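Encoded as structure tokens, the structure appears first; notes follow it.
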Amino acid sequence: PLCCKPEKRGKVVCLPRLSRVAVCGGTHGNELSGVYLVRELLKAKDIVMEEEREEPASVLMVLANPRAMQQCRRYVDTDLNRCFTHATLNGPISDSAPYEMTRSRELNAMLGPKGSPGAVDLVCDLHNTTANMGLCLIAYSDCDWICLHIFKHLQRQMPDVPMRFIHFDVSSKESYSLDSVGKHGFAMEIGPQPHGVVRSNIYTAMKDGVQHMLDWVRLFNSGTIFEAGFVDVFTIVKNIDYPRDSETHNITATIHPQLQDRDFLLLHPDDALFQTFSGETLRYKGNEPLYPFFVNECAYYEKGIALSLARKRHVVVPAIRAQTEAERRRDQQGFASEEE
């Protein structure tokens with residue numbers, strides 16, 4: 001249902017309305033733009049979609065990891081944003097399970113269940129990165145036309161903000177983050193911002209991005225046709241770890257000065273990659289030029305990731321509009337007939 005191919009160029013793809021939208025902050029408790037933005041939105045939740053006249057979209061504001069927020073830490077026991085695989089949500093759980101394992105099930109009950117018809121229509125999960133990535137939407141599909149059209153809308157509305165669409169090529173069952181609980185979903189990742197800090201420019205970009213996303217939902221639900229176009233999609237190829245001491249496993253180098261803060265600028269074979277603590281330059285030994293991102297992300301030291309590398313593709317996005325009520329009923333009747 002998330003991924004459909006237009007039958008021919010110029011055809012308008014009809015997709016179900018987005019009746020329930022969730023905006024989540026604090027999945028990582030020290031990524032403070034989302035924490036403070038969702039707190040603000042909770043104060044003003046009655047006016048977020050005030051322009052909607054017919055059947056307004058229900059917007060749910062969620063503070064995902066309150067214990068980690070209280071301690072201003074990424075997580076308490078384990079990374080909440082890795083706790084939403086099918087196996088983790090549905091496997092056995094004990095009384096001594098990590099807090100985030102329990103919390104992921106609470107969030108799945110609130111917003112899902114994941115993969116079910118009852119799941120919310122769209123999840124926007126708010127994150128910060130210490131890397132110089134601008135505003136990124138991160139999704140598990142490169143053909144979810146809802147997410148790609150939202151990205152195109154943000155590009156049009158925020159032309160001064162560097163913006164990219166990142167695709168993690170992972171199956172629905174193996175998708176691990178909070179945004180995967182919705183029928184459609186993405187992480188809105190904005191940086192650079194140190195964890196435990198709020199920078200006004202980064203907070204404002206996130207606030208504007210969320211408001212434009214909600215505006216797009218309102219336009220979509222009211223019957224607006226969104227024209228076809230293109231999106232450059234960055235699909236992750238691999239992660240690269242820091243060089244490490246074979247005995248202690250301590251890192252022996254850091255990101256090279258020529259690469260630092262140069263996220264999404266093409267990295268060519270033999271370009272400077274790391275600088276050892278003794279001053280030696282280590283070069284990129286890959287076979288093809290790729291795009292680096294999450295360069296020197298603070299939270300990924302523990303995950304063994306110095307940077308990620310992606311290929312860029314030009315993806316054709318078809319024109320879309322929301323199904324009418326008559327079309328929705330007809331589809332439901334057709335589905336019931338098929339089941340019989």
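Letters for chains follow the order of the structure tokens (A, B, ...), residue numbers begin at 1 for each chain, and ligand numbers begin at 1 in the order shown.
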
- Write out as a count of residues only all residues of range 50-267 of chain A that backbone DSSP assigns to strand (DSSP E or B). 52

- Task: Would you mind listing what lies within 12 Å of Val210 in chain A as a PyMOL selection string, with only C-alpha atoms counted and same-chain residues fewer than 6 positions away left out?
- Result: chain A and resi 21-25+33-34+37-38+41+48-49+59+61+123-127+135+137+150-151+153-154+157-158+186-190+203-204+216-217

- Non-local contacts of range 266-274 of chain A (9 Å; only C-alpha atoms; under 2 positions in same chain excluded) as a VMD selection string: chain A and resid 242 to 243 253 to 259 262 to 264 276 280 to 292 309

Using C-alpha atoms, can you write the selected residues to a file as a PDB file, in the first residue's frame?
```pdb
ATOM      1  CA  TYR A 242      36.927   4.509  12.733  1.00  0.00           C
ATOM      2  CA  PRO A 243      40.323   2.790  12.576  1.00  0.00           C
ATOM      3  CA  ALA A 253      42.076   8.287  14.133  1.00  0.00           C
ATOM      4  CA  THR A 254      39.389  10.894  13.660  1.00  0.00           C
ATOM      5  CA  ILE A 255      37.607  12.298  10.601  1.00  0.00           C
ATOM      6  CA  HIS A 256      40.086  14.140   8.367  1.00  0.00           C
ATOM      7  CA  PRO A 257      39.779  17.963   8.411  1.00  0.00           C
ATOM      8  CA  GLN A 258      39.118  17.918   4.639  1.00  0.00           C
ATOM      9  CA  LEU A 259      36.038  15.707   5.206  1.00  0.00           C
ATOM     10  CA  ARG A 262      31.335  18.152   4.252  1.00  0.00           C
ATOM     11  CA  ASP A 263      28.268  15.895   4.409  1.00  0.00           C
ATOM     12  CA  PHE A 264      26.724  15.156   0.981  1.00  0.00           C
ATOM     13  CA  THR A 276      45.466   9.342  12.818  1.00  0.00           C
ATOM     14  CA  GLU A 280      49.016  10.348   9.226  1.00  0.00           C
ATOM     15  CA  THR A 281      46.350  10.743   6.523  1.00  0.00           C
ATOM     16  CA  LEU A 282      44.276   7.624   5.706  1.00  0.00           C
ATOM     17  CA  ARG A 283      42.506   7.675   2.353  1.00  0.00           C
ATOM     18  CA  TYR A 284      39.168   6.358   1.096  1.00  0.00           C
ATOM     19  CA  LYS A 285      39.777   2.996  -0.582  1.00  0.00           C
ATOM     20  CA  GLY A 286      36.329   2.492  -2.135  1.00  0.00           C
ATOM     21  CA  ASN A 287      35.813   1.634  -5.813  1.00  0.00           C
ATOM     22  CA  GLU A 288      33.330   4.416  -6.603  1.00  0.00           C
ATOM     23  CA  PRO A 289      32.567   7.986  -5.536  1.00  0.00           C
ATOM     24  CA  LEU A 290      29.832   8.064  -2.854  1.00  0.00           C
ATOM     25  CA  TYR A 291      28.102  10.715  -0.753  1.00  0.00           C
ATOM     26  CA  PRO A 292      29.110  10.862   2.948  1.00  0.00           C
ATOM     27  CA  LEU A 309      27.992   6.488   2.437  1.00  0.00           C
TER      28      LEU A 309
END
```

Please provide as a compact mmCIF listing (two decimals) with C-alpha atoms, in the first residue's frame all residues within 8 Å of Leu89 in chain A, with the sequence filter that same-chain residues fewer than 3 positions apart are discarded (counting only C-alpha atoms).
```txt
# COMPACT_ATOMS: atom_id res chain seq x y z
CA CYS A 83 13.27 -1.16 19.31
CA PHE A 84 10.54 -1.22 16.63
CA THR A 85 11.38 -4.31 14.55
CA HIS A 86 8.60 -6.86 14.19
CA MET A 101 11.79 -2.17 25.17
CA SER A 104 8.39 0.78 22.39
CA ARG A 105 5.42 -1.52 23.02
CA ASN A 108 3.24 0.69 19.23
```

- Using DSSP on the backbone, list every residue of range 131-277 of chain A that comes out as alpha helix (DSSP H), and give them as a ChimeraX atom specification. /A:145-157,200-221

Do a neighbour search on range 325-333 of chain A at 10 Å with only C-alpha atoms, toss out local chain neighbours closer than 6 positions, and write the hits as an mmCIF file with N, CA and C atoms, in the first residue's frame.
```
data_model
loop_
_atom_site.group_PDB
_atom_site.id
_atom_site.type_symbol
_atom_site.label_atom_id
_atom_site.label_comp_id
_atom_site.auth_asym_id
_atom_site.auth_seq_id
_atom_site.Cartn_x
_atom_site.Cartn_y
_atom_site.Cartn_z
ATOM 1 N N CYS A 14 -4.132 7.889 -6.899
ATOM 2 C CA CYS A 14 -5.057 8.217 -5.811
ATOM 3 C C CYS A 14 -4.666 7.425 -4.569
ATOM 4 N N LEU A 15 -4.491 8.120 -3.452
ATOM 5 C CA LEU A 15 -4.058 7.483 -2.206
ATOM 6 C C LEU A 15 -5.021 7.845 -1.087
ATOM 7 N N PRO A 16 -5.169 6.963 -0.083
ATOM 8 C CA PRO A 16 -6.092 7.257 1.021
ATOM 9 C C PRO A 16 -5.721 8.542 1.767
ATOM 10 N N ARG A 17 -6.751 9.215 2.279
ATOM 11 C CA ARG A 17 -6.541 10.426 3.071
ATOM 12 C C ARG A 17 -5.710 10.115 4.305
ATOM 13 N N GLU A 339 -11.984 -10.825 -0.680
ATOM 14 C CA GLU A 339 -11.860 -11.700 0.487
ATOM 15 C C GLU A 339 -12.865 -12.831 0.414
#
```

- Message: For Glu106 in chain A, find every residue with an atom within 12 Å (counting only C-alpha atoms), except residues of its own chain fewer than 3 positions away, and show them as a list of chain:residue names.
- Response: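 Here the qualifying residues turn out to be A:Val62, A:Ala64, A:Asn65, A:Leu80, A:Cys83, A:Phe84, A:Leu89, A:Tyr99, A:Glu100, A:Met101, A:Thr102, A:Arg103, A:Ala109, A:Met110, A:Leu111, A:Gly112, A:Pro113, A:Lys114, A:Leu178, A:Val181.
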
Based on the selection just made, write N, CA, C and O atoms of those residues as a PDB file, in the first residue's frame.
```
ATOM      1  N   VAL A  62       3.501  13.518  20.520  1.00  0.00           N
ATOM      2  CA  VAL A  62       4.011  12.473  21.408  1.00  0.00           C
ATOM      3  C   VAL A  62       5.428  12.811  21.874  1.00  0.00           C
ATOM      4  O   VAL A  62       6.305  13.091  21.050  1.00  0.00           O
ATOM      5  N   ALA A  64       8.279  10.866  23.155  1.00  0.00           N
ATOM      6  CA  ALA A  64       8.444   9.415  23.024  1.00  0.00           C
ATOM      7  C   ALA A  64       9.201   8.770  24.179  1.00  0.00           C
ATOM      8  O   ALA A  64       8.886   7.650  24.581  1.00  0.00           O
ATOM      9  N   ASN A  65      10.242   9.440  24.698  1.00  0.00           N
ATOM     10  CA  ASN A  65      11.078   8.809  25.731  1.00  0.00           C
ATOM     11  C   ASN A  65      11.211   9.740  26.938  1.00  0.00           C
ATOM     12  O   ASN A  65      12.261  10.356  27.157  1.00  0.00           O
ATOM     13  N   LEU A  80      15.990   3.562  22.042  1.00  0.00           N
ATOM     14  CA  LEU A  80      14.567   3.375  21.723  1.00  0.00           C
ATOM     15  C   LEU A  80      14.344   3.279  20.221  1.00  0.00           C
ATOM     16  O   LEU A  80      13.476   2.525  19.755  1.00  0.00           O
ATOM     17  N   CYS A  83      14.133  -0.207  18.605  1.00  0.00           N
ATOM     18  CA  CYS A  83      13.266  -1.165  19.309  1.00  0.00           C
ATOM     19  C   CYS A  83      11.937  -1.426  18.605  1.00  0.00           C
ATOM     20  O   CYS A  83      11.000  -1.930  19.228  1.00  0.00           O
ATOM     21  N   PHE A  84      11.839  -1.101  17.303  1.00  0.00           N
ATOM     22  CA  PHE A  84      10.539  -1.220  16.632  1.00  0.00           C
ATOM     23  C   PHE A  84      10.531  -2.253  15.497  1.00  0.00           C
ATOM     24  O   PHE A  84       9.684  -2.184  14.614  1.00  0.00           O
ATOM     25  N   LEU A  89       8.956  -6.031  18.861  1.00  0.00           N
ATOM     26  CA  LEU A  89       7.628  -5.630  19.318  1.00  0.00           C
ATOM     27  C   LEU A  89       6.757  -6.831  19.683  1.00  0.00           C
ATOM     28  O   LEU A  89       5.831  -6.699  20.494  1.00  0.00           O
ATOM     29  N   TYR A  99      13.993  -0.421  29.854  1.00  0.00           N
ATOM     30  CA  TYR A  99      12.870   0.523  29.819  1.00  0.00           C
ATOM     31  C   TYR A  99      12.401   0.780  28.384  1.00  0.00           C
ATOM     32  O   TYR A  99      11.198   0.791  28.101  1.00  0.00           O
ATOM     33  N   GLU A 100      13.352   1.003  27.468  1.00  0.00           N
ATOM     34  CA  GLU A 100      12.962   1.348  26.090  1.00  0.00           C
ATOM     35  C   GLU A 100      12.244   0.211  25.384  1.00  0.00           C
ATOM     36  O   GLU A 100      11.428   0.459  24.482  1.00  0.00           O
ATOM     37  N   MET A 101      12.519  -1.043  25.760  1.00  0.00           N
ATOM     38  CA  MET A 101      11.792  -2.174  25.166  1.00  0.00           C
ATOM     39  C   MET A 101      10.317  -2.106  25.566  1.00  0.00           C
ATOM     40  O   MET A 101       9.415  -2.311  24.735  1.00  0.00           O
ATOM     41  N   THR A 102      10.080  -1.789  26.831  1.00  0.00           N
ATOM     42  CA  THR A 102       8.704  -1.644  27.313  1.00  0.00           C
ATOM     43  C   THR A 102       8.039  -0.433  26.677  1.00  0.00           C
ATOM     44  O   THR A 102       6.881  -0.484  26.237  1.00  0.00           O
ATOM     45  N   ARG A 103       8.772   0.676  26.600  1.00  0.00           N
ATOM     46  CA  ARG A 103       8.229   1.910  26.042  1.00  0.00           C
ATOM     47  C   ARG A 103       7.883   1.742  24.557  1.00  0.00           C
ATOM     48  O   ARG A 103       6.875   2.291  24.091  1.00  0.00           O
ATOM     49  N   ALA A 109       1.343   0.391  20.721  1.00  0.00           N
ATOM     50  CA  ALA A 109      -0.089   0.306  21.033  1.00  0.00           C
ATOM     51  C   ALA A 109      -0.780   1.648  20.775  1.00  0.00           C
ATOM     52  O   ALA A 109      -1.924   1.695  20.311  1.00  0.00           O
ATOM     53  N   MET A 110      -0.075   2.748  21.045  1.00  0.00           N
ATOM     54  CA  MET A 110      -0.640   4.086  20.870  1.00  0.00           C
ATOM     55  C   MET A 110      -0.763   4.470  19.392  1.00  0.00           C
ATOM     56  O   MET A 110      -1.772   5.037  18.961  1.00  0.00           O
ATOM     57  N   LEU A 111       0.273   4.149  18.605  1.00  0.00           N
ATOM     58  CA  LEU A 111       0.359   4.634  17.220  1.00  0.00           C
ATOM     59  C   LEU A 111       0.123   3.535  16.187  1.00  0.00           C
ATOM     60  O   LEU A 111      -0.093   3.841  15.015  1.00  0.00           O
ATOM     61  N   GLY A 112       0.215   2.297  16.575  1.00  0.00           N
ATOM     62  CA  GLY A 112       0.099   1.171  15.652  1.00  0.00           C
ATOM     63  C   GLY A 112      -1.233   0.448  15.830  1.00  0.00           C
ATOM     64  O   GLY A 112      -2.261   1.123  15.887  1.00  0.00           O
ATOM     65  N   PRO A 113      -1.172  -0.864  15.919  1.00  0.00           N
ATOM     66  CA  PRO A 113       0.041  -1.688  15.835  1.00  0.00           C
ATOM     67  C   PRO A 113       0.715  -1.592  14.461  1.00  0.00           C
ATOM     68  O   PRO A 113       0.042  -1.441  13.449  1.00  0.00           O
ATOM     69  N   LYS A 114       2.025  -1.688  14.474  1.00  0.00           N
ATOM     70  CA  LYS A 114       2.813  -1.599  13.249  1.00  0.00           C
ATOM     71  C   LYS A 114       2.320  -2.614  12.225  1.00  0.00           C
ATOM     72  O   LYS A 114       2.130  -3.787  12.537  1.00  0.00           O
ATOM     73  N   LEU A 178      10.939   4.405  15.240  1.00  0.00           N
ATOM     74  CA  LEU A 178       9.581   4.764  15.623  1.00  0.00           C
ATOM     75  C   LEU A 178       8.719   5.118  14.413  1.00  0.00           C
ATOM     76  O   LEU A 178       7.539   4.760  14.360  1.00  0.00           O
ATOM     77  N   VAL A 181       6.259   2.665  12.521  1.00  0.00           N
ATOM     78  CA  VAL A 181       4.992   2.176  13.088  1.00  0.00           C
ATOM     79  C   VAL A 181       3.794   2.670  12.272  1.00  0.00           C
ATOM     80  O   VAL A 181       2.755   2.008  12.213  1.00  0.00           O
TER      81      VAL A 181
END
```
